[in-house]
>>> print(open('upload-v6.pdb').read())   # PDB, C-alpha atoms
ATOM      1  CA  MET A   5      88.362 -47.063  35.885  1.00  0.00           C
ATOM      2  CA  ARG A   6      87.665 -49.815  33.357  1.00  0.00           C
ATOM      3  CA  ASP A   7      88.079 -47.343  30.465  1.00  0.00           C
ATOM      4  CA  TRP A   8      91.479 -46.256  31.803  1.00  0.00           C
ATOM      5  CA  LEU A   9      92.583 -49.862  32.357  1.00  0.00           C
ATOM      6  CA  ASP A  10      91.488 -50.888  28.865  1.00  0.00           C
ATOM      7  CA  SER A  11      93.248 -47.899  27.313  1.00  0.00           C
ATOM      8  CA  TYR A  12      96.392 -48.652  29.322  1.00  0.00           C
ATOM      9  CA  SER A  13      96.232 -52.273  28.131  1.00  0.00           C
ATOM     10  CA  ARG A  14      96.113 -51.155  24.503  1.00  0.00           C
ATOM     11  CA  ASP A  15      99.303 -49.167  25.086  1.00  0.00           C
ATOM     12  CA  HIS A  16     101.060 -52.125  26.719  1.00  0.00           C
ATOM     13  CA  GLN A  17     100.791 -55.136  24.397  1.00  0.00           C
ATOM     14  CA  HIS A  18     104.433 -56.133  23.850  1.00  0.00           C
ATOM     15  CA  PRO A  19     105.518 -58.933  26.239  1.00  0.00           C
ATOM     16  CA  THR A  20     108.857 -57.263  27.011  1.00  0.00           C
ATOM     17  CA  ASN A  21     107.129 -53.990  27.818  1.00  0.00           C
ATOM     18  CA  GLN A  22     104.650 -55.803  30.045  1.00  0.00           C
ATOM     19  CA  LEU A  23     107.456 -57.635  31.868  1.00  0.00           C
ATOM     20  CA  LEU A  24     109.356 -54.414  32.410  1.00  0.00           C
ATOM     21  CA  HIS A  25     106.201 -52.792  33.767  1.00  0.00           C
ATOM     22  CA  TRP A  26     105.679 -55.677  36.232  1.00  0.00           C
ATOM     23  CA  ILE A  27     109.183 -54.972  37.532  1.00  0.00           C
ATOM     24  CA  CYS A  28     109.439 -51.202  37.186  1.00  0.00           C
ATOM     25  CA  VAL A  29     106.006 -49.872  38.199  1.00  0.00           C
ATOM     26  CA  PRO A  30     106.165 -51.302  41.747  1.00  0.00           C
ATOM     27  CA  LEU A  31     109.754 -50.082  42.055  1.00  0.00           C
ATOM     28  CA  ILE A  32     108.746 -46.584  40.970  1.00  0.00           C
ATOM     29  CA  VAL A  33     105.889 -46.511  43.467  1.00  0.00           C
ATOM     30  CA  TRP A  34     108.138 -47.809  46.248  1.00  0.00           C
ATOM     31  CA  SER A  35     110.884 -45.313  45.415  1.00  0.00           C
ATOM     32  CA  ALA A  36     108.430 -42.400  45.372  1.00  0.00           C
ATOM     33  CA  ILE A  37     107.251 -43.410  48.846  1.00  0.00           C
ATOM     34  CA  ALA A  38     110.864 -43.784  49.992  1.00  0.00           C
ATOM     35  CA  MET A  39     111.880 -40.365  48.700  1.00  0.00           C
ATOM     36  CA  MET A  40     108.836 -38.684  50.250  1.00  0.00           C
ATOM     37  CA  TRP A  41     109.602 -40.496  53.518  1.00  0.00           C
ATOM     38  CA  THR A  42     112.765 -38.433  53.807  1.00  0.00           C
ATOM     39  CA  ILE A  43     111.112 -35.019  53.422  1.00  0.00           C
ATOM     40  CA  PRO A  44     111.655 -33.246  56.731  1.00  0.00           C
ATOM     41  CA  VAL A  45     108.651 -32.503  58.931  1.00  0.00           C
ATOM     42  CA  PRO A  46     108.398 -30.500  62.162  1.00  0.00           C
ATOM     43  CA  GLU A  47     109.111 -33.189  64.750  1.00  0.00           C
ATOM     44  CA  SER A  48     106.889 -31.496  67.303  1.00  0.00           C
ATOM     45  CA  LEU A  49     103.879 -32.012  64.992  1.00  0.00           C
ATOM     46  CA  LEU A  50     104.538 -35.015  62.760  1.00  0.00           C
ATOM     47  CA  HIS A  51     106.695 -38.105  62.426  1.00  0.00           C
ATOM     48  CA  PRO A  52     109.139 -38.880  59.609  1.00  0.00           C
ATOM     49  CA  GLY A  53     107.231 -40.334  56.693  1.00  0.00           C
ATOM     50  CA  ALA A  54     104.256 -38.020  57.133  1.00  0.00           C
ATOM     51  CA  TRP A  55     104.491 -36.804  53.529  1.00  0.00           C
ATOM     52  CA  SER A  56     104.472 -40.401  52.288  1.00  0.00           C
ATOM     53  CA  VAL A  57     101.445 -41.229  54.392  1.00  0.00           C
ATOM     54  CA  PHE A  58      99.672 -38.125  53.110  1.00  0.00           C
ATOM     55  CA  ALA A  59     100.442 -39.137  49.486  1.00  0.00           C
ATOM     56  CA  ILE A  60      99.262 -42.692  50.172  1.00  0.00           C
ATOM     57  CA  VAL A  61      95.986 -41.390  51.594  1.00  0.00           C
ATOM     58  CA  LEU A  62      95.463 -39.217  48.513  1.00  0.00           C
ATOM     59  CA  ALA A  63      96.289 -42.083  46.139  1.00  0.00           C
ATOM     60  CA  PHE A  64      94.048 -44.483  48.074  1.00  0.00           C
ATOM     61  CA  THR A  65      91.199 -41.951  47.950  1.00  0.00           C
ATOM     62  CA  TRP A  66      91.552 -41.703  44.171  1.00  0.00           C
ATOM     63  CA  TYR A  67      91.691 -45.493  43.743  1.00  0.00           C
ATOM     64  CA  TRP A  68      88.764 -46.077  46.135  1.00  0.00           C
ATOM     65  CA  LYS A  69      86.642 -43.505  44.296  1.00  0.00           C
ATOM     66  CA  HIS A  70      87.189 -45.348  41.014  1.00  0.00           C
ATOM     67  CA  SER A  71      87.251 -48.956  42.246  1.00  0.00           C
ATOM     68  CA  HIS A  72      86.755 -50.284  45.763  1.00  0.00           C
ATOM     69  CA  ARG A  73      88.335 -53.597  44.736  1.00  0.00           C
ATOM     70  CA  LEU A  74      91.514 -51.995  43.412  1.00  0.00           C
ATOM     71  CA  GLY A  75      91.579 -49.364  46.138  1.00  0.00           C
ATOM     72  CA  ALA A  76      91.540 -51.953  48.918  1.00  0.00           C
ATOM     73  CA  ALA A  77      94.188 -54.123  47.256  1.00  0.00           C
ATOM     74  CA  LEU A  78      96.449 -51.189  46.460  1.00  0.00           C
ATOM     75  CA  LEU A  79      96.130 -49.870  50.019  1.00  0.00           C
ATOM     76  CA  ILE A  80      97.612 -53.144  51.263  1.00  0.00           C
ATOM     77  CA  VAL A  81     100.561 -52.830  48.886  1.00  0.00           C
ATOM     78  CA  LEU A  82     101.078 -49.139  49.650  1.00  0.00           C
ATOM     79  CA  ALA A  83     101.009 -49.901  53.384  1.00  0.00           C
ATOM     80  CA  LEU A  84     103.606 -52.651  52.936  1.00  0.00           C
ATOM     81  CA  PHE A  85     105.790 -50.274  50.935  1.00  0.00           C
ATOM     82  CA  ALA A  86     105.418 -47.655  53.680  1.00  0.00           C
ATOM     83  CA  LEU A  87     106.351 -50.188  56.361  1.00  0.00           C
ATOM     84  CA  SER A  88     109.470 -51.145  54.411  1.00  0.00           C
ATOM     85  CA  CYS A  89     110.408 -47.469  54.128  1.00  0.00           C
ATOM     86  CA  TYR A  90     109.845 -47.007  57.854  1.00  0.00           C
ATOM     87  CA  GLY A  91     112.192 -49.908  58.603  1.00  0.00           C
ATOM     88  CA  LEU A  92     114.826 -48.745  56.149  1.00  0.00           C
ATOM     89  CA  PHE A  93     114.587 -45.192  57.492  1.00  0.00           C
ATOM     90  CA  GLN A  94     115.234 -46.528  60.988  1.00  0.00           C
ATOM     91  CA  GLN A  95     118.191 -48.637  59.830  1.00  0.00           C
ATOM     92  CA  MET A  96     119.771 -46.411  57.189  1.00  0.00           C
ATOM     93  CA  GLY A  97     118.729 -42.903  58.043  1.00  0.00           C
ATOM     94  CA  ALA A  98     117.177 -40.298  55.815  1.00  0.00           C
ATOM     95  CA  MET A  99     120.145 -39.604  53.529  1.00  0.00           C
ATOM     96  CA  HIS A 100     120.780 -43.233  52.616  1.00  0.00           C
ATOM     97  CA  LEU A 101     117.071 -43.936  52.102  1.00  0.00           C
ATOM     98  CA  LEU A 102     116.854 -40.877  49.865  1.00  0.00           C
ATOM     99  CA  GLN A 103     119.866 -42.015  47.840  1.00  0.00           C
ATOM    100  CA  LEU A 104     118.407 -45.521  47.497  1.00  0.00           C
ATOM    101  CA  GLY A 105     115.030 -44.085  46.493  1.00  0.00           C
ATOM    102  CA  ILE A 106     116.579 -41.843  43.846  1.00  0.00           C
ATOM    103  CA  GLY A 107     118.682 -44.690  42.448  1.00  0.00           C
ATOM    104  CA  VAL A 108     115.736 -47.090  42.228  1.00  0.00           C
ATOM    105  CA  PHE A 109     113.524 -44.359  40.739  1.00  0.00           C
ATOM    106  CA  VAL A 110     115.989 -43.522  37.965  1.00  0.00           C
ATOM    107  CA  VAL A 111     116.760 -47.134  37.049  1.00  0.00           C
ATOM    108  CA  ALA A 112     113.076 -48.121  37.089  1.00  0.00           C
ATOM    109  CA  TRP A 113     112.073 -45.204  34.846  1.00  0.00           C
ATOM    110  CA  ILE A 114     114.843 -46.123  32.412  1.00  0.00           C
ATOM    111  CA  GLY A 115     113.381 -49.638  32.397  1.00  0.00           C
ATOM    112  CA  GLN A 116     109.916 -48.238  31.688  1.00  0.00           C
ATOM    113  CA  PHE A 117     111.174 -46.207  28.741  1.00  0.00           C
ATOM    114  CA  ILE A 118     113.085 -49.207  27.369  1.00  0.00           C
ATOM    115  CA  GLY A 119     109.817 -51.146  27.526  1.00  0.00           C
ATOM    116  CA  HIS A 120     108.119 -48.460  25.489  1.00  0.00           C
ATOM    117  CA  ILE A 121     110.862 -48.678  22.877  1.00  0.00           C
ATOM    118  CA  PHE A 122     109.890 -52.337  22.436  1.00  0.00           C
ATOM    119  CA  GLU A 123     106.239 -51.311  22.403  1.00  0.00           C
ATOM    120  CA  GLY A 124     106.809 -48.607  19.813  1.00  0.00           C
ATOM    121  CA  ARG A 125     104.443 -46.277  21.672  1.00  0.00           C
ATOM    122  CA  ARG A 126     104.883 -43.347  23.978  1.00  0.00           C
ATOM    123  CA  PRO A 127     104.013 -43.877  27.651  1.00  0.00           C
ATOM    124  CA  SER A 128     100.330 -43.286  28.394  1.00  0.00           C
ATOM    125  CA  PHE A 129     101.018 -40.560  30.941  1.00  0.00           C
ATOM    126  CA  PHE A 130     102.208 -38.305  28.108  1.00  0.00           C
ATOM    127  CA  THR A 131      98.529 -37.940  27.160  1.00  0.00           C
ATOM    128  CA  ASP A 132      97.034 -37.840  30.687  1.00  0.00           C
ATOM    129  CA  LEU A 133      98.906 -37.655  33.990  1.00  0.00           C
ATOM    130  CA  ALA A 134      96.190 -39.803  35.599  1.00  0.00           C
ATOM    131  CA  TYR A 135      97.935 -42.743  33.939  1.00  0.00           C
ATOM    132  CA  LEU A 136     100.683 -42.407  36.550  1.00  0.00           C
ATOM    133  CA  LEU A 137      98.053 -43.760  38.966  1.00  0.00           C
ATOM    134  CA  VAL A 138      96.484 -46.103  36.422  1.00  0.00           C
ATOM    135  CA  GLY A 139      99.725 -48.073  35.916  1.00  0.00           C
ATOM    136  CA  PRO A 140      99.737 -49.565  39.429  1.00  0.00           C
ATOM    137  CA  ALA A 141      95.970 -50.177  39.191  1.00  0.00           C
ATOM    138  CA  TRP A 142      96.451 -51.969  35.857  1.00  0.00           C
ATOM    139  CA  LEU A 143      98.998 -54.327  37.405  1.00  0.00           C
ATOM    140  CA  MET A 144      96.820 -54.901  40.469  1.00  0.00           C
ATOM    141  CA  ASP A 145      93.811 -55.600  38.255  1.00  0.00           C
ATOM    142  CA  LYS A 146      95.808 -58.215  36.319  1.00  0.00           C
ATOM    143  CA  PHE A 147      97.121 -59.722  39.572  1.00  0.00           C
ATOM    144  CA  LEU A 148      93.685 -59.935  41.182  1.00  0.00           C
ATOM    145  CA  ARG A 149      92.194 -61.494  38.036  1.00  0.00           C
ATOM    146  CA  ARG A 150      94.913 -64.148  38.047  1.00  0.00           C
ATOM    147  CA  LEU A 151      93.985 -64.920  41.649  1.00  0.00           C
ATOM    148  CA  GLY A 152      90.336 -65.208  40.632  1.00  0.00           C
ATOM    149  CA  PHE A 153      89.159 -61.907  42.124  1.00  0.00           C
ATOM    150  CA  LYS A 154      87.191 -60.373  39.287  1.00  0.00           C
ATOM    151  CA  GLU A 155      85.497 -57.008  39.519  1.00  0.00           C
ATOM    152  CA  ASN A 156      81.808 -56.866  40.332  1.00  0.00           C
ATOM    153  CA  ALA A 157      79.594 -56.657  37.280  1.00  0.00           C
TER     154      ALA A 157
END
>>> encode(input="upload-v6.pdb", output="structure tokens")
Amino acid sequence: MRDWLDSYSRDHQHPTNQLLHWICVPLIVWSAIAMMWTIPVPESLLHPGAWSVFAIVLAFTWYWKHSHRLGAALLIVLALFALSCYGLFQQMGAMHLLQLGIGVFVVAWIGQFIGHIFEGRRPSFFTDLAYLLVGPAWLMDKFLRRLGFKENA
């Protein structure tokens, strides 16, 4: 994980790009969960949001395999995002949550690409799709370090 985080850091040096990533990466993750929340499931077998929960479990498994520290922290955030989607689904219904998710997703990705214009580099995921998972881990790593939670040596 450290190699991916260091590589991601090298691709994200410009302060404007970093700021846009702090805003846009969580919004992209939230919107992906929100959109998946609206995928229909057989009500006799599963509850709405099952696809989101499945994706969260897969993402958590990947994070946990590479870093217990980041995996645990990201699971908390992913669970909070899922809870917000559950509440919004109950209040707004599937169609409105889907529309909100799509809108946030598009605007946040535009923000990401604007950040990379400032950076003068292509997004990391163009070289390896794993960087789509590394982005949230990179932010969480920075956040945990600021709080004083450093990785084990």
>>> axis_aligned_box(input="upload-v6.pdb", around="region 28-32 of chain A", padding_each_side="4 Å", output="AutoDock Vina command-line options")
--center_x 107.9 --center_y -48.9 --center_z 39.6 --size_x 11.7 --size_y 12.7 --size_z 12.9
>>> closest_residue(input="upload-v6.pdb", among="A:Ser56, A:Ser13, A:Asn21, A:Thr42", to="Phe93 (chain A)", atoms="all atoms listed in the file")
A:Thr42
>>> resolve_selection(input="upload-v6.pdb", expression="the PyMOL selection byres ((chain A and resi 107-115) around 8)", output="list in words")
Leu24, His25, Ile27, Cys28, Val29, Leu31, Ile32, Ser35, Ala36, Gln103, Leu104, Gly105, Ile106, Gln116, Phe117, Ile118 and Gly119 of chain A
>>> resolve_selection(input="upload-v6.pdb", expression="the PyMOL selection byres ((chain A and resi 88) around 12)", output="VMD selection string")
chain A and resid 34 to 35 37 to 38 41 53 81 to 87 89 to 96 101 105
>>> closest_residue(input="upload-v6.pdb", among="A:His72, A:His51, A:His100, A:Arg126", to="His16 (chain A)", atoms="all atoms listed in the file")
A:Arg126
>>> build_atoms(input="upload-v6.pdb", residues="region 42-66 of chain A", atoms="N, CA and C atoms", output="short mmCIF file (atom, residue, chain, number, x, y, z; two decimals), in the coordinates of the input")
data_model
loop_
_atom_site.label_atom_id
_atom_site.label_comp_id
_atom_site.auth_asym_id
_atom_site.auth_seq_id
_atom_site.Cartn_x
_atom_site.Cartn_y
_atom_site.Cartn_z
N THR A 42 111.61 -39.19 53.30
CA THR A 42 112.76 -38.43 53.81
C THR A 42 112.54 -36.92 53.84
N ILE A 43 111.39 -36.46 53.38
CA ILE A 43 111.11 -35.02 53.42
C ILE A 43 110.94 -34.61 54.88
N PRO A 44 111.73 -33.65 55.32
CA PRO A 44 111.66 -33.25 56.73
C PRO A 44 110.26 -32.72 57.12
N VAL A 45 109.90 -33.01 58.35
CA VAL A 45 108.65 -32.50 58.93
C VAL A 45 108.97 -31.94 60.31
N PRO A 46 108.18 -30.99 60.79
CA PRO A 46 108.40 -30.50 62.16
C PRO A 46 108.16 -31.63 63.16
N GLU A 47 109.20 -32.03 63.85
CA GLU A 47 109.11 -33.19 64.75
C GLU A 47 108.13 -32.99 65.89
N SER A 48 107.84 -31.75 66.23
CA SER A 48 106.89 -31.50 67.30
C SER A 48 105.45 -31.76 66.86
N LEU A 49 105.23 -31.81 65.52
CA LEU A 49 103.88 -32.01 64.99
C LEU A 49 103.67 -33.36 64.31
N LEU A 50 104.69 -33.81 63.59
CA LEU A 50 104.54 -35.02 62.76
C LEU A 50 105.75 -35.93 62.91
N HIS A 51 105.60 -37.14 62.42
CA HIS A 51 106.70 -38.10 62.43
C HIS A 51 107.30 -38.19 61.03
N PRO A 52 108.57 -38.64 60.94
CA PRO A 52 109.14 -38.88 59.61
C PRO A 52 108.23 -39.81 58.81
N GLY A 53 108.11 -39.54 57.55
CA GLY A 53 107.23 -40.33 56.69
C GLY A 53 105.86 -39.73 56.51
N ALA A 54 105.59 -38.62 57.19
CA ALA A 54 104.26 -38.02 57.13
C ALA A 54 103.86 -37.66 55.70
N TRP A 55 104.82 -37.16 54.92
CA TRP A 55 104.49 -36.80 53.53
C TRP A 55 104.13 -38.04 52.72
N SER A 56 104.82 -39.15 52.98
CA SER A 56 104.47 -40.40 52.29
C SER A 56 103.08 -40.86 52.66
N VAL A 57 102.77 -40.80 53.94
CA VAL A 57 101.44 -41.23 54.39
C VAL A 57 100.37 -40.34 53.77
N PHE A 58 100.62 -39.05 53.73
CA PHE A 58 99.67 -38.12 53.11
C PHE A 58 99.46 -38.49 51.64
N ALA A 59 100.55 -38.76 50.91
CA ALA A 59 100.44 -39.14 49.49
C ALA A 59 99.70 -40.46 49.32
N ILE A 60 99.95 -41.40 50.22
CA ILE A 60 99.26 -42.69 50.17
C ILE A 60 97.76 -42.50 50.40
N VAL A 61 97.41 -41.66 51.34
CA VAL A 61 95.99 -41.39 51.59
C VAL A 61 95.34 -40.77 50.36
N LEU A 62 96.01 -39.83 49.73
CA LEU A 62 95.46 -39.22 48.51
C LEU A 62 95.31 -40.24 47.39
N ALA A 63 96.35 -41.06 47.19
CA ALA A 63 96.29 -42.08 46.14
C ALA A 63 95.17 -43.08 46.44
N PHE A 64 95.10 -43.54 47.69
CA PHE A 64 94.05 -44.48 48.07
C PHE A 64 92.67 -43.88 47.81
N THR A 65 92.49 -42.62 48.16
CA THR A 65 91.20 -41.95 47.95
C THR A 65 90.82 -41.97 46.48
N TRP A 66 91.80 -41.69 45.62
CA TRP A 66 91.55 -41.70 44.17
C TRP A 66 91.19 -43.11 43.71
#
